[in-house]
$ cat final37.cif   # mmCIF, C-alpha atoms
data_entry
#
loop_
_atom_site.label_atom_id
_atom_site.label_comp_id
_atom_site.auth_asym_id
_atom_site.auth_seq_id
_atom_site.Cartn_x
_atom_site.Cartn_y
_atom_site.Cartn_z
CA MET G 774 -102.13 -37.65 21.64
CA TYR G 775 -99.40 -40.23 21.46
CA LEU G 776 -96.50 -41.07 23.73
CA ILE G 777 -93.05 -40.66 22.20
CA ASP G 778 -90.77 -40.75 25.22
CA MET G 779 -90.88 -40.47 29.01
CA LEU G 780 -88.67 -40.26 32.09
CA ALA G 781 -89.38 -40.20 35.80
CA ILE G 782 -87.59 -39.47 39.04
CA SER G 783 -89.47 -40.92 41.99
CA PRO G 784 -88.98 -42.77 45.28
CA GLN G 785 -88.59 -45.87 43.09
CA GLU G 786 -85.62 -46.58 40.81
CA SER G 787 -87.62 -45.25 37.89
CA TRP G 788 -84.83 -43.27 36.23
CA ASN G 789 -83.60 -46.36 34.44
CA GLY G 790 -86.70 -47.23 32.45
CA LYS G 791 -88.92 -50.00 33.73
CA ALA G 792 -86.47 -51.84 35.97
CA TYR G 793 -88.24 -50.51 39.07
CA LEU G 794 -91.18 -52.81 38.31
CA ASN G 795 -89.02 -55.82 39.11
CA ASN G 796 -87.56 -54.35 42.27
CA ILE G 797 -90.14 -52.34 44.17
CA ARG G 798 -88.51 -50.33 46.93
CA ILE G 799 -90.16 -50.42 50.35
CA VAL G 800 -89.69 -47.36 52.54
CA SER G 801 -90.25 -46.95 56.28
CA GLY G 802 -91.41 -43.70 57.84
CA ASN G 803 -93.95 -41.25 56.48
CA LYS G 804 -91.90 -39.62 53.72
CA LEU G 805 -91.08 -41.29 50.43
CA MET G 806 -88.13 -39.27 49.17
CA ALA G 807 -87.26 -39.33 45.48
CA ILE G 808 -84.06 -41.06 44.40
CA GLU G 809 -82.14 -38.59 42.29
CA PRO G 810 -79.85 -39.66 39.46
CA ASP G 811 -76.37 -38.30 38.85
CA TYR G 812 -77.12 -35.03 37.09
CA GLY G 813 -73.52 -34.59 35.96
CA ASP G 814 -74.22 -35.11 32.26
CA ILE G 815 -77.44 -33.11 32.28
CA ILE G 816 -76.95 -30.01 34.44
CA LYS G 817 -73.81 -27.87 34.67
CA PRO G 818 -72.29 -27.81 38.19
CA SER G 819 -72.53 -24.02 38.23
CA GLN G 820 -76.29 -24.29 37.72
CA LEU G 821 -76.79 -27.38 39.85
CA ARG G 822 -75.44 -25.76 43.02
CA ARG G 823 -78.20 -23.19 42.97
CA MET G 824 -81.06 -25.59 42.34
CA GLY G 825 -83.49 -26.92 44.90
CA LYS G 826 -84.70 -30.50 44.68
CA ALA G 827 -87.86 -29.71 42.71
CA LEU G 828 -85.90 -27.85 40.09
CA ARG G 829 -83.20 -30.53 39.92
CA MET G 830 -85.76 -33.26 39.36
CA GLY G 831 -87.72 -31.26 36.80
CA ILE G 832 -84.67 -30.17 34.87
CA GLY G 833 -83.10 -33.63 35.16
CA CYS G 834 -86.10 -35.27 33.47
CA GLY G 835 -87.01 -32.45 31.13
CA ALA G 836 -83.57 -31.53 29.84
CA GLU G 837 -82.68 -35.15 29.18
CA LEU G 838 -85.92 -35.68 27.25
CA MET G 839 -85.37 -32.48 25.28
CA LYS G 840 -81.91 -33.67 24.39
CA ARG G 841 -83.35 -36.93 23.07
CA ASN G 842 -86.32 -35.28 21.34
CA GLU G 843 -85.48 -32.12 19.47
CA GLU G 844 -87.95 -29.80 17.77
CA LEU G 845 -90.54 -29.57 20.52
CA ASP G 846 -93.25 -26.98 20.08
CA GLY G 847 -93.72 -26.23 23.75
CA ILE G 848 -93.18 -27.02 27.41
CA ILE G 849 -96.16 -27.58 29.71
CA ILE G 850 -95.60 -28.25 33.41
CA GLY G 851 -98.12 -29.04 36.12
CA THR G 852 -97.15 -28.43 39.72
CA SER G 853 -99.12 -27.55 42.79
CA GLU G 854 -96.26 -26.33 44.95
CA GLY G 855 -93.28 -25.80 42.63
CA GLY G 856 -90.07 -25.10 44.53
CA LEU G 857 -91.80 -25.08 47.87
CA GLU G 858 -88.67 -25.33 49.99
CA GLY G 859 -87.16 -22.27 48.31
CA CYS G 860 -90.42 -20.38 48.61
CA ILE G 861 -90.69 -21.08 52.33
CA SER G 862 -87.03 -20.19 52.90
CA PHE G 863 -87.61 -16.88 51.16
CA LEU G 864 -90.72 -16.13 53.20
CA ASN G 865 -88.89 -17.02 56.41
CA GLN G 866 -86.08 -14.66 55.45
CA ILE G 867 -88.55 -11.82 55.13
CA VAL G 868 -89.49 -12.38 58.77
CA ASP G 869 -86.01 -13.26 60.10
CA TYR G 870 -84.32 -10.25 58.50
CA ASP G 871 -87.16 -7.84 59.05
CA GLU G 872 -87.82 -7.31 55.35
CA GLY G 873 -84.20 -6.28 54.84
CA THR G 874 -81.88 -7.41 52.05
CA LEU G 875 -82.94 -10.88 50.90
CA THR G 876 -81.04 -13.48 48.89
CA PRO G 877 -82.19 -13.76 45.27
CA THR G 878 -81.69 -17.51 44.90
CA ASN G 879 -84.53 -18.55 47.20
CA PHE G 880 -86.83 -16.07 45.53
CA ILE G 881 -85.99 -17.49 42.11
CA GLN G 882 -86.30 -21.04 43.44
CA GLY G 883 -89.69 -20.33 44.95
CA THR G 884 -91.58 -19.63 41.75
CA PRO G 885 -93.60 -22.54 40.33
CA ASN G 886 -92.85 -21.63 36.71
CA LEU G 887 -89.11 -21.94 37.19
CA VAL G 888 -88.90 -25.48 35.78
CA ALA G 889 -90.63 -24.62 32.51
CA GLY G 890 -88.69 -21.37 32.20
CA HIS G 891 -85.36 -22.97 32.99
CA LEU G 892 -85.96 -25.77 30.49
CA ALA G 893 -86.68 -23.17 27.81
CA LEU G 894 -83.46 -21.30 28.64
CA ILE G 895 -81.32 -24.44 28.68
CA SER G 896 -82.69 -25.77 25.40
CA GLY G 897 -83.27 -22.47 23.63
CA ASN G 898 -86.89 -23.47 23.10
CA SER G 899 -88.91 -20.32 22.47
CA GLY G 900 -92.23 -22.09 21.91
CA TYR G 901 -95.33 -22.28 24.09
CA ASN G 902 -94.30 -22.26 27.74
CA ILE G 903 -96.72 -22.51 30.60
CA THR G 904 -97.05 -23.86 34.12
CA HIS G 905 -100.39 -25.01 35.48
CA VAL G 906 -100.77 -24.51 39.21
CA ASN G 907 -104.06 -25.91 40.36
CA GLY G 908 -103.53 -28.16 43.37
CA GLY G 909 -104.38 -31.80 42.78
CA LEU G 910 -105.39 -31.15 39.17
CA SER G 911 -102.23 -29.33 38.07
CA PHE G 912 -100.86 -32.19 35.99
CA GLU G 913 -104.26 -33.00 34.54
CA ASN G 914 -104.62 -29.36 33.48
CA ALA G 915 -101.23 -29.60 31.77
CA LEU G 916 -102.40 -32.70 29.89
CA THR G 917 -105.66 -31.00 28.91
CA ASP G 918 -103.69 -28.04 27.61
CA ALA G 919 -101.59 -30.36 25.46
CA LEU G 920 -104.67 -32.20 24.16
CA MET G 921 -106.23 -28.89 23.16
CA LEU G 922 -103.09 -27.66 21.40
CA PHE G 923 -102.92 -30.88 19.40
CA ALA G 924 -106.65 -30.78 18.63
CA GLU G 925 -106.32 -27.23 17.31
CA GLY G 926 -103.33 -28.18 15.22
CA LYS G 927 -101.07 -25.73 17.05
CA ALA G 928 -98.38 -28.23 17.99
CA GLU G 929 -96.83 -31.43 16.71
CA ARG G 930 -94.70 -32.37 19.72
CA LEU G 931 -94.87 -31.19 23.32
CA LEU G 932 -93.04 -31.79 26.56
CA VAL G 933 -95.54 -32.30 29.38
CA GLY G 934 -94.65 -33.12 32.96
CA ASN G 935 -94.96 -32.52 36.66
CA VAL G 936 -92.73 -31.77 39.59
CA GLU G 937 -93.35 -31.81 43.33
CA GLU G 938 -91.02 -31.88 46.32
CA ILE G 939 -91.45 -32.60 50.02
CA SER G 940 -90.70 -29.49 52.04
CA ASP G 941 -89.94 -30.13 55.72
CA TYR G 942 -91.81 -27.03 56.81
CA ASN G 943 -94.88 -27.81 54.74
CA PHE G 944 -94.76 -31.47 55.74
CA ASN G 945 -94.90 -30.45 59.40
CA ILE G 946 -97.95 -28.30 58.79
CA GLY G 947 -99.59 -31.18 56.92
CA TYR G 948 -98.64 -33.58 59.70
CA LEU G 949 -100.22 -31.36 62.33
CA ALA G 950 -103.31 -31.12 60.14
CA GLY G 951 -103.54 -34.93 60.12
CA LEU G 952 -102.63 -35.45 56.48
CA TYR G 953 -99.86 -37.94 57.23
CA LYS G 954 -99.71 -41.07 59.30
CA GLY G 955 -98.46 -40.68 62.83
CA GLU G 956 -97.56 -44.28 63.51
CA ASP G 957 -94.47 -46.04 62.17
CA SER G 958 -95.36 -47.08 58.67
CA LEU G 959 -93.99 -49.16 55.84
CA SER G 960 -94.93 -48.16 52.32
CA SER G 961 -95.73 -51.81 51.63
CA GLY G 962 -98.51 -51.70 54.21
CA LEU G 963 -100.05 -48.45 53.02
CA ILE G 964 -102.89 -49.83 50.92
CA GLY G 965 -105.69 -51.09 53.10
CA SER G 966 -104.40 -49.29 56.15
CA ALA G 967 -107.16 -48.77 58.67
CA THR G 968 -105.80 -45.48 59.97
CA PRO G 969 -106.19 -41.90 58.79
CA GLY G 970 -103.44 -40.09 56.93
CA THR G 971 -101.08 -41.13 54.18
CA LEU G 972 -97.36 -41.01 53.31
CA ALA G 973 -95.86 -37.94 51.70
CA GLY G 974 -94.22 -38.34 48.32
CA GLU G 975 -92.43 -36.38 45.65
CA GLY G 976 -91.04 -36.71 42.18
CA SER G 977 -91.12 -35.62 38.57
CA ALA G 978 -92.38 -37.43 35.49
CA MET G 979 -91.99 -35.96 32.04
CA PHE G 980 -93.47 -37.07 28.74
CA VAL G 981 -92.97 -36.16 25.12
CA PHE G 982 -96.28 -36.42 23.30
CA GLY G 983 -96.87 -36.20 19.60
CA ARG G 984 -99.96 -35.28 17.63
CA SER G 985 -99.48 -37.97 15.03
CA LYS G 986 -99.80 -41.66 15.55
CA GLN G 987 -96.60 -43.65 15.26
CA PRO G 988 -96.43 -47.42 14.85
CA ASP G 989 -97.15 -49.07 18.21
CA SER G 990 -97.37 -45.75 20.00
CA LEU G 991 -99.41 -45.65 23.16
CA ARG G 992 -102.21 -43.16 23.29
CA LEU G 993 -103.43 -40.77 25.92
CA VAL G 994 -107.06 -40.70 24.95
CA ASP G 995 -108.67 -38.19 27.28
CA VAL G 996 -108.49 -36.38 30.60
CA ALA G 997 -111.38 -35.26 32.77
CA CYS G 998 -111.51 -33.43 36.09
CA ILE G 999 -114.11 -32.50 38.67
CA SER G 1000 -113.91 -30.77 42.04
CA TYR G 1001 -116.00 -31.55 45.12
CA PRO G 1002 -118.29 -34.00 43.30
CA THR G 1003 -120.92 -36.24 44.78
CA LYS G 1004 -120.48 -39.90 43.93
CA GLU G 1005 -123.28 -39.62 41.39
CA GLU G 1006 -121.64 -36.64 39.70
CA LEU G 1007 -118.31 -38.47 39.53
CA SER G 1008 -119.95 -41.61 38.13
CA LYS G 1009 -121.70 -39.54 35.46
CA LEU G 1010 -118.43 -37.85 34.53
CA ILE G 1011 -116.69 -41.21 34.16
CA CYS G 1012 -119.48 -42.64 31.98
CA ARG G 1013 -119.67 -39.48 29.88
CA THR G 1014 -115.90 -39.40 29.39
CA LEU G 1015 -115.74 -43.03 28.29
CA GLU G 1016 -118.79 -42.74 26.03
CA GLY G 1017 -117.29 -39.67 24.39
CA LYS G 1018 -114.38 -41.82 23.28
CA GLY G 1019 -116.46 -44.79 22.21
CA VAL G 1020 -115.38 -46.88 25.18
CA SER G 1021 -117.68 -48.67 27.59
CA SER G 1022 -116.84 -49.39 31.21
CA SER G 1023 -116.49 -53.08 30.33
CA ASP G 1024 -113.73 -52.13 27.84
CA ILE G 1025 -111.57 -50.90 30.71
CA ASP G 1026 -109.10 -53.67 31.47
CA ALA G 1027 -107.49 -52.06 34.50
CA VAL G 1028 -107.97 -49.10 36.79
CA ILE G 1029 -104.89 -47.53 38.32
CA ALA G 1030 -106.46 -46.06 41.43
CA GLY G 1031 -104.91 -43.49 43.73
CA TYR G 1032 -105.43 -45.42 46.98
CA SER G 1033 -103.45 -43.45 49.55
CA GLY G 1034 -104.04 -45.59 52.63
CA ASP G 1035 -106.11 -42.85 54.21
CA SER G 1036 -109.05 -44.57 55.86
CA ARG G 1037 -111.10 -41.38 55.51
CA SER G 1038 -111.08 -41.16 51.73
CA ASP G 1039 -110.09 -44.46 50.10
CA PHE G 1040 -113.75 -45.50 49.93
CA TRP G 1041 -114.01 -43.43 46.74
CA TYR G 1042 -111.74 -45.89 44.96
CA ASP G 1043 -113.60 -48.92 46.35
CA ASP G 1044 -116.94 -47.51 45.29
CA ILE G 1045 -115.89 -46.53 41.76
CA THR G 1046 -113.96 -49.69 40.95
CA ASN G 1047 -116.59 -52.03 42.43
CA GLU G 1048 -119.61 -50.33 40.93
CA LEU G 1049 -118.37 -49.19 37.52
CA PHE G 1050 -115.48 -51.55 36.74
CA PRO G 1051 -116.26 -54.92 38.36
CA GLY G 1052 -114.48 -56.78 35.56
CA ALA G 1053 -111.29 -54.73 35.60
CA SER G 1054 -108.03 -55.28 37.41
CA VAL G 1055 -107.26 -52.67 40.05
CA TYR G 1056 -103.70 -51.46 40.59
CA THR G 1057 -102.29 -48.96 43.07
CA TYR G 1058 -99.31 -46.62 42.89
CA LYS G 1059 -99.12 -44.44 45.99
CA ASN G 1060 -97.56 -47.31 47.93
CA LEU G 1061 -94.66 -46.79 45.48
CA VAL G 1062 -94.37 -42.99 45.46
CA GLY G 1063 -96.55 -41.57 48.24
CA GLU G 1064 -99.16 -38.85 48.04
CA TYR G 1065 -98.55 -35.47 46.41
CA PRO G 1066 -100.74 -33.17 44.37
CA SER G 1067 -99.48 -34.15 40.93
CA SER G 1068 -98.83 -37.82 41.68
CA SER G 1069 -101.01 -38.87 38.74
CA ALA G 1070 -98.00 -38.10 36.54
CA PHE G 1071 -96.25 -41.12 38.03
CA ALA G 1072 -99.46 -43.14 37.61
CA LEU G 1073 -99.37 -42.23 33.93
CA LYS G 1074 -95.79 -43.43 33.60
CA LEU G 1075 -96.75 -46.66 35.38
CA GLY G 1076 -99.78 -47.08 33.12
CA PHE G 1077 -97.71 -46.67 29.97
CA ASP G 1078 -95.12 -49.13 31.30
CA LEU G 1079 -97.83 -51.70 31.98
CA LEU G 1080 -99.42 -51.15 28.57
CA ARG G 1081 -96.06 -51.90 27.02
CA GLY G 1082 -96.47 -55.40 28.35
CA ASP G 1083 -94.37 -55.46 31.45
CA SER G 1084 -95.39 -57.89 34.13
CA VAL G 1085 -97.42 -56.33 36.88
CA PRO G 1086 -95.56 -56.36 40.20
CA ALA G 1087 -97.50 -58.05 42.99
CA GLU G 1088 -97.01 -55.00 45.21
CA ILE G 1089 -99.41 -52.88 43.16
CA VAL G 1090 -102.15 -55.46 42.63
CA LYS G 1091 -105.34 -54.83 44.54
CA LYS G 1092 -107.39 -56.99 42.24
CA GLU G 1093 -106.20 -59.06 39.29
CA THR G 1094 -108.48 -60.37 36.57
CA GLY G 1095 -105.75 -61.57 34.24
CA ARG G 1096 -107.16 -59.60 31.32
CA PRO G 1097 -104.52 -58.39 28.88
CA LEU G 1098 -104.18 -54.63 29.10
CA ARG G 1099 -105.45 -52.48 26.29
CA ASN G 1100 -107.48 -49.72 27.92
CA VAL G 1101 -106.38 -48.39 31.29
CA LEU G 1102 -108.14 -45.73 33.33
CA ILE G 1103 -106.24 -43.76 35.95
CA TYR G 1104 -108.57 -42.49 38.63
CA ASN G 1105 -107.14 -40.30 41.37
CA HIS G 1106 -108.36 -37.78 43.87
CA TYR G 1107 -106.38 -35.36 45.97
CA ARG G 1108 -107.67 -35.14 49.53
CA ALA G 1109 -111.09 -36.25 48.23
CA LYS G 1110 -111.61 -32.78 46.79
CA GLN G 1111 -110.15 -32.78 43.29
CA HIS G 1112 -110.87 -35.90 41.24
CA SER G 1113 -109.36 -36.78 37.90
CA LEU G 1114 -109.51 -39.38 35.16
CA ILE G 1115 -106.86 -40.14 32.59
CA LEU G 1116 -107.72 -42.67 29.91
CA ILE G 1117 -104.83 -44.33 28.11
CA SER G 1118 -104.80 -47.02 25.51
CA GLY G 1119 -102.50 -49.46 23.83
CA ASP G 1120 -105.13 -50.20 21.23
CA PHE G 1121 -103.29 -50.10 17.95
CA SER G 1122 -106.41 -50.63 15.84
CA PRO G 1123 -107.78 -47.72 13.77
CA GLU G 1124 -109.03 -44.73 15.69
CA LYS G 1125 -112.52 -44.87 17.12
CA ASP G 1126 -112.76 -41.11 17.03
CA SER G 1127 -111.03 -38.44 15.05
CA SER G 1128 -109.49 -36.36 17.83
CA PRO G 1129 -105.73 -36.56 18.30
CA MET X 576 -60.47 -11.15 64.65
CA ASP X 577 -57.19 -10.94 62.73
CA LYS X 578 -57.11 -10.86 58.96
CA GLU X 579 -56.06 -14.49 58.47
CA ALA X 580 -58.95 -15.73 60.62
CA LEU X 581 -61.32 -13.40 58.78
CA LYS X 582 -60.20 -14.76 55.40
CA SER X 583 -60.76 -18.34 56.59
CA GLU X 584 -64.21 -17.43 57.84
CA LEU X 585 -65.04 -15.68 54.57
CA LYS X 586 -64.17 -18.79 52.61
CA VAL X 587 -66.51 -20.85 54.77
CA HIS X 588 -69.31 -18.32 54.25
CA LEU X 589 -68.62 -18.23 50.52
CA VAL X 590 -69.01 -21.99 50.16
CA LYS X 591 -72.09 -22.04 52.40
CA TYR X 592 -73.96 -19.07 50.93
CA LEU X 593 -73.26 -20.01 47.31
CA ASN X 594 -73.53 -23.78 47.84
CA ILE X 595 -70.28 -24.26 45.96
CA LEU X 596 -69.95 -27.95 45.21
CA ASP X 597 -66.53 -28.28 43.63
CA TYR X 598 -64.43 -26.28 46.12
CA LYS X 599 -63.83 -26.70 49.84
CA PRO X 600 -63.07 -23.51 51.81
CA GLU X 601 -59.40 -24.47 52.11
CA ASP X 602 -59.17 -24.90 48.32
CA ILE X 603 -59.95 -21.22 47.71
CA ALA X 604 -56.78 -19.13 47.45
CA ASP X 605 -56.79 -15.60 48.85
CA ASP X 606 -56.08 -14.10 45.43
CA MET X 607 -58.30 -16.42 43.38
CA PRO X 608 -60.63 -14.31 41.19
CA LEU X 609 -64.26 -14.70 42.22
CA PHE X 610 -65.72 -13.74 38.85
CA GLY X 611 -64.70 -14.53 35.28
CA GLU X 612 -61.91 -17.00 35.94
CA GLY X 613 -61.23 -18.70 39.28
CA LEU X 614 -64.51 -19.49 40.99
CA ALA X 615 -66.41 -18.23 37.92
CA LEU X 616 -69.28 -16.76 39.91
CA ASP X 617 -72.10 -14.89 38.19
CA SER X 618 -74.32 -11.89 38.82
CA ILE X 619 -76.74 -13.75 41.10
CA ASP X 620 -73.77 -14.86 43.19
CA SER X 621 -72.69 -11.24 43.53
CA LEU X 622 -76.08 -10.42 45.04
CA GLU X 623 -75.72 -13.38 47.41
CA LEU X 624 -72.30 -12.07 48.47
CA ILE X 625 -73.71 -8.59 49.12
CA VAL X 626 -76.39 -10.15 51.33
CA MET X 627 -73.72 -12.22 53.09
CA LEU X 628 -71.61 -9.13 53.87
CA GLU X 629 -74.63 -7.39 55.33
CA ARG X 630 -75.81 -10.33 57.42
CA GLU X 631 -72.46 -11.56 58.69
CA TYR X 632 -70.52 -8.29 59.00
CA GLY X 633 -73.14 -5.55 59.01
CA ILE X 634 -71.66 -3.99 55.87
CA LYS X 635 -73.94 -2.55 53.21
CA ILE X 636 -72.67 -2.05 49.69
CA THR X 637 -74.89 0.48 48.00
CA ASN X 638 -72.61 1.65 45.21
CA PRO X 639 -72.24 -0.93 42.41
CA ALA X 640 -68.79 0.46 41.55
CA ASP X 641 -67.64 -0.34 45.10
CA GLY X 642 -68.97 -3.86 44.76
CA ARG X 643 -66.86 -4.47 41.68
CA LYS X 644 -63.70 -3.63 43.63
CA ILE X 645 -64.64 -5.32 46.89
CA LEU X 646 -65.77 -8.60 45.39
CA THR X 647 -62.58 -9.19 43.43
CA ASN X 648 -61.17 -11.92 45.66
CA ILE X 649 -61.04 -13.01 49.31
CA GLU X 650 -58.11 -10.68 50.03
CA ALA X 651 -60.03 -7.63 48.80
CA MET X 652 -63.16 -8.61 50.69
CA ALA X 653 -61.19 -9.06 53.91
CA ASP X 654 -59.47 -5.69 53.46
CA TYR X 655 -62.80 -3.96 52.98
CA ILE X 656 -64.38 -5.64 56.00
CA MET X 657 -61.37 -4.82 58.24
CA GLU X 658 -61.50 -1.21 57.12
CA HIS X 659 -65.22 -0.69 57.47
CA LYS X 660 -65.86 -2.66 60.63
CA LYS X 661 -63.74 -0.09 62.48
CA GLU X 662 -66.12 2.68 61.45
#
$ encode --input "final37.cif" --output "structure tokens"
Amino acid sequence: MYLIDMLAISPQESWNGKAYLNNIRIVSGNKLMAIEPDYGDIIKPSQLRRMGKALRMGIGCGAELMKRNEELDGIIIGTSEGGLEGCISFLNQIVDYDEGTLTPTNFIQGTPNLVAGHLALISGNSGYNITHVNGGLSFENALTDALMLFAEGKAERLLVGNVEEISDYNFNIGYLAGLYKGEDSLSSGLIGSATPGTLAGEGSAMFVFGRSKQPDSLRLVDVACISYPTKEELSKLICRTLEGKGVSSSDIDAVIAGYSGDSRSDFWYDDITNELFPGASVYTYKNLVGEYPSSSAFALKLGFDLLRGDSVPAEIVKKETGRPLRNVLIYNHYRAKQHSLILISGDFSPEKDSSP
Amino acid sequence: MDKEALKSELKVHLVKYLNILDYKPEDIADDMPLFGEGLALDSIDSLELIVMLEREYGIKITNPADGRKILTNIEAMADYIMEHKKE
């Protein structure tokens, strides 16, 4: 499938296209909070006041893209937690008010499918509408869904995206569980950190994909996922995925790897990039946006930006070979349990396979 | 609490519970309609207001017809609270 348009809200200044690549924002502390745009032209004030951050970010990106790209056949969202803050507030109310009368807003806010549903209501889109909720593979499942719809000829254009927010309550649980760094941290020092834990992140990235190839359009070639693999199983999946698309590991010019700075699980990225892609550049992205279950959506935006020929900021370079970018593989895992691959290409030559 | 103080408190609760962005409590007139014109609240807001009355003042509105009269404006809400808190 082919990229038509995209937008992202993240801890970087990514709302305004690719400018963030020239001005990487460094954050101190263990939360990388998303920078929200002025929603004034996108969301009515009467709706905005009732929205939590996840919904604001999702609607902000999605509604703007739907305004720019009419006639979409469906909306596919991937989110692990959805409106987590609203959900937790609602659950706390049940306890605090002894299961008495509860406010409806937090209940509405707490459902993961609210972003996709709200986008449909705002735009009047009555097409395919689904939210994939599957932890660290939620966004990848959304992409797979879109690939299948295009392959079956059931859609011509789709909105696909993710949303995730940092909830204070959930962050504290994660912190106590050792998911986040305890020491004072700078996002610039995340990669290569010798300590356990990572930095929490949040954001939304939305994409409009089309089934048909447009001149110079970038391509999302394939997506693959695996849970709890051994290294051998993961390596086999990578080779099989690439072979299935007529690509060899030496054709991969860069790997965008989900290094999170967690000394307990970053070895996966070292092993895969060193053993399978010794000739490829290696770039990182979680030092820009932090760790969250659907963070690969931001990696995809970054990958497309780099394929469009933007200079690679020094902050994301783990290894640079100087090869021009044509085929980029995004490899990410979430807490070393759910692993995913997204293959994208800026190869404008004729198709090597017939799938969309 | 006298009625004027109650009305001021209600306005603060209104802004807080409904997360109203374009009005400060002091901008809300006592007779400003809550629904339709004025604050232009909607049906979800009415449920939030019913929850607010129960939590802050211990008043339960069980009859929807009552709610329509009580939630007209700040003045009507204050009257209802003053009347029913005595019970």
$ closest_atom_pairs --input "final37.cif" --of "chain X" --to "chain G" --cutoff "9 Å" --atoms "all atoms listed in the file" --output "JSON lines"
{"residue": "X:Leu593", "atom": "CA", "partner": "G:Arg823", "partner_atom": "CA", "distance": 7.3}
{"residue": "X:Asn594", "atom": "CA", "partner": "G:Arg822", "partner_atom": "CA", "distance": 5.5}
{"residue": "X:Ile595", "atom": "CA", "partner": "G:Arg822", "partner_atom": "CA", "distance": 6.1}
{"residue": "X:Leu596", "atom": "CA", "partner": "G:Arg822", "partner_atom": "CA", "distance": 6.3}
{"residue": "X:Asp597", "atom": "CA", "partner": "G:Pro818", "partner_atom": "CA", "distance": 7.9}
{"residue": "X:Ala615", "atom": "CA", "partner": "G:Ser819", "partner_atom": "CA", "distance": 8.4}
{"residue": "X:Leu616", "atom": "CA", "partner": "G:Ser819", "partner_atom": "CA", "distance": 8.1}
{"residue": "X:Ile619", "atom": "CA", "partner": "G:Pro877", "partner_atom": "CA", "distance": 6.9}
{"residue": "X:Asp620", "atom": "CA", "partner": "G:Thr878", "partner_atom": "CA", "distance": 8.5}
{"residue": "X:Leu622", "atom": "CA", "partner": "G:Pro877", "partner_atom": "CA", "distance": 7.0}
{"residue": "X:Glu623", "atom": "CA", "partner": "G:Thr876", "partner_atom": "CA", "distance": 5.5}
{"residue": "X:Leu624", "atom": "CA", "partner": "G:Thr876", "partner_atom": "CA", "distance": 8.9}
{"residue": "X:Ile625", "atom": "CA", "partner": "G:Thr874", "partner_atom": "CA", "distance": 8.8}
{"residue": "X:Val626", "atom": "CA", "partner": "G:Thr874", "partner_atom": "CA", "distance": 6.2}
{"residue": "X:Met627", "atom": "CA", "partner": "G:Thr876", "partner_atom": "CA", "distance": 8.5}
{"residue": "X:Glu629", "atom": "CA", "partner": "G:Thr874", "partner_atom": "CA", "distance": 8.0}
{"residue": "X:Arg630", "atom": "CA", "partner": "G:Tyr870", "partner_atom": "CA", "distance": 8.6}
$ atom_distance --input "final37.cif" --atom1 "CA of Gly970 (chain G)" --atom2 "CA of Asp941 (chain G)"
16.8 Å
$ resolve_selection --input "final37.cif" --expression "the PyMOL selection byres ((chain G and resi 932) around 6)" --output "number ranges by chain"
G: 848, 931, 933, 980-981
$ write_last_selection --input "final37.cif" --atoms "C-alpha atoms" --output "short mmCIF file (atom, residue, chain, number, x, y, z; two decimals), in the frame of the given file"
data_model
loop_
_atom_site.label_atom_id
_atom_site.label_comp_id
_atom_site.auth_asym_id
_atom_site.auth_seq_id
_atom_site.Cartn_x
_atom_site.Cartn_y
_atom_site.Cartn_z
CA ILE G 848 -93.18 -27.02 27.41
CA LEU G 931 -94.87 -31.19 23.32
CA VAL G 933 -95.54 -32.30 29.38
CA PHE G 980 -93.47 -37.07 28.74
CA VAL G 981 -92.97 -36.16 25.12
#
$ resolve_selection --input "final37.cif" --expression "the PyMOL selection byres ((chain G and resi 1004-1015) around 10)" --output "JSON, numbers by chain"
{"G": [994, 995, 996, 997, 998, 999, 1000, 1001, 1002, 1003, 1016, 1017, 1018, 1019, 1020, 1021, 1022, 1024, 1025, 1041, 1044, 1045, 1048, 1049, 1102, 1104, 1112, 1113, 1114, 1115, 1116]}
$ closest_residue --input "final37.cif" --among "G:Phe1077, G:Tyr1056, G:Phe1050, G:Tyr953" --to "Arg1037 (chain G)" --atoms "all atoms listed in the file"
G:Tyr953
$ resolve_selection --input "final37.cif" --expression "the PyMOL selection byres ((chain G and resi 992) around 10)" --output "CSV table (one decimal) with C-alpha atoms, in the coordinates of the input"
chain,number,residue,atom,x,y,z
G,774,MET,CA,-102.1,-37.6,21.6
G,775,TYR,CA,-99.4,-40.2,21.5
G,776,LEU,CA,-96.5,-41.1,23.7
G,777,ILE,CA,-93.0,-40.7,22.2
G,982,PHE,CA,-96.3,-36.4,23.3
G,983,GLY,CA,-96.9,-36.2,19.6
G,984,ARG,CA,-100.0,-35.3,17.6
G,986,LYS,CA,-99.8,-41.7,15.6
G,987,GLN,CA,-96.6,-43.6,15.3
G,989,ASP,CA,-97.2,-49.1,18.2
G,990,SER,CA,-97.4,-45.8,20.0
G,991,LEU,CA,-99.4,-45.6,23.2
G,993,LEU,CA,-103.4,-40.8,25.9
G,994,VAL,CA,-107.1,-40.7,25.0
G,995,ASP,CA,-108.7,-38.2,27.3
G,1077,PHE,CA,-97.7,-46.7,30.0
G,1080,LEU,CA,-99.4,-51.2,28.6
G,1100,ASN,CA,-107.5,-49.7,27.9
G,1116,LEU,CA,-107.7,-42.7,29.9
G,1117,ILE,CA,-104.8,-44.3,28.1
G,1118,SER,CA,-104.8,-47.0,25.5
G,1119,GLY,CA,-102.5,-49.5,23.8
G,1120,ASP,CA,-105.1,-50.2,21.2
G,1121,PHE,CA,-103.3,-50.1,18.0
G,1129,PRO,CA,-105.7,-36.6,18.3
$ atom_distance --input "final37.cif" --atom1 "CA of Leu916 (chain G)" --atom2 "CA of Tyr942 (chain G)"
29.5 Å
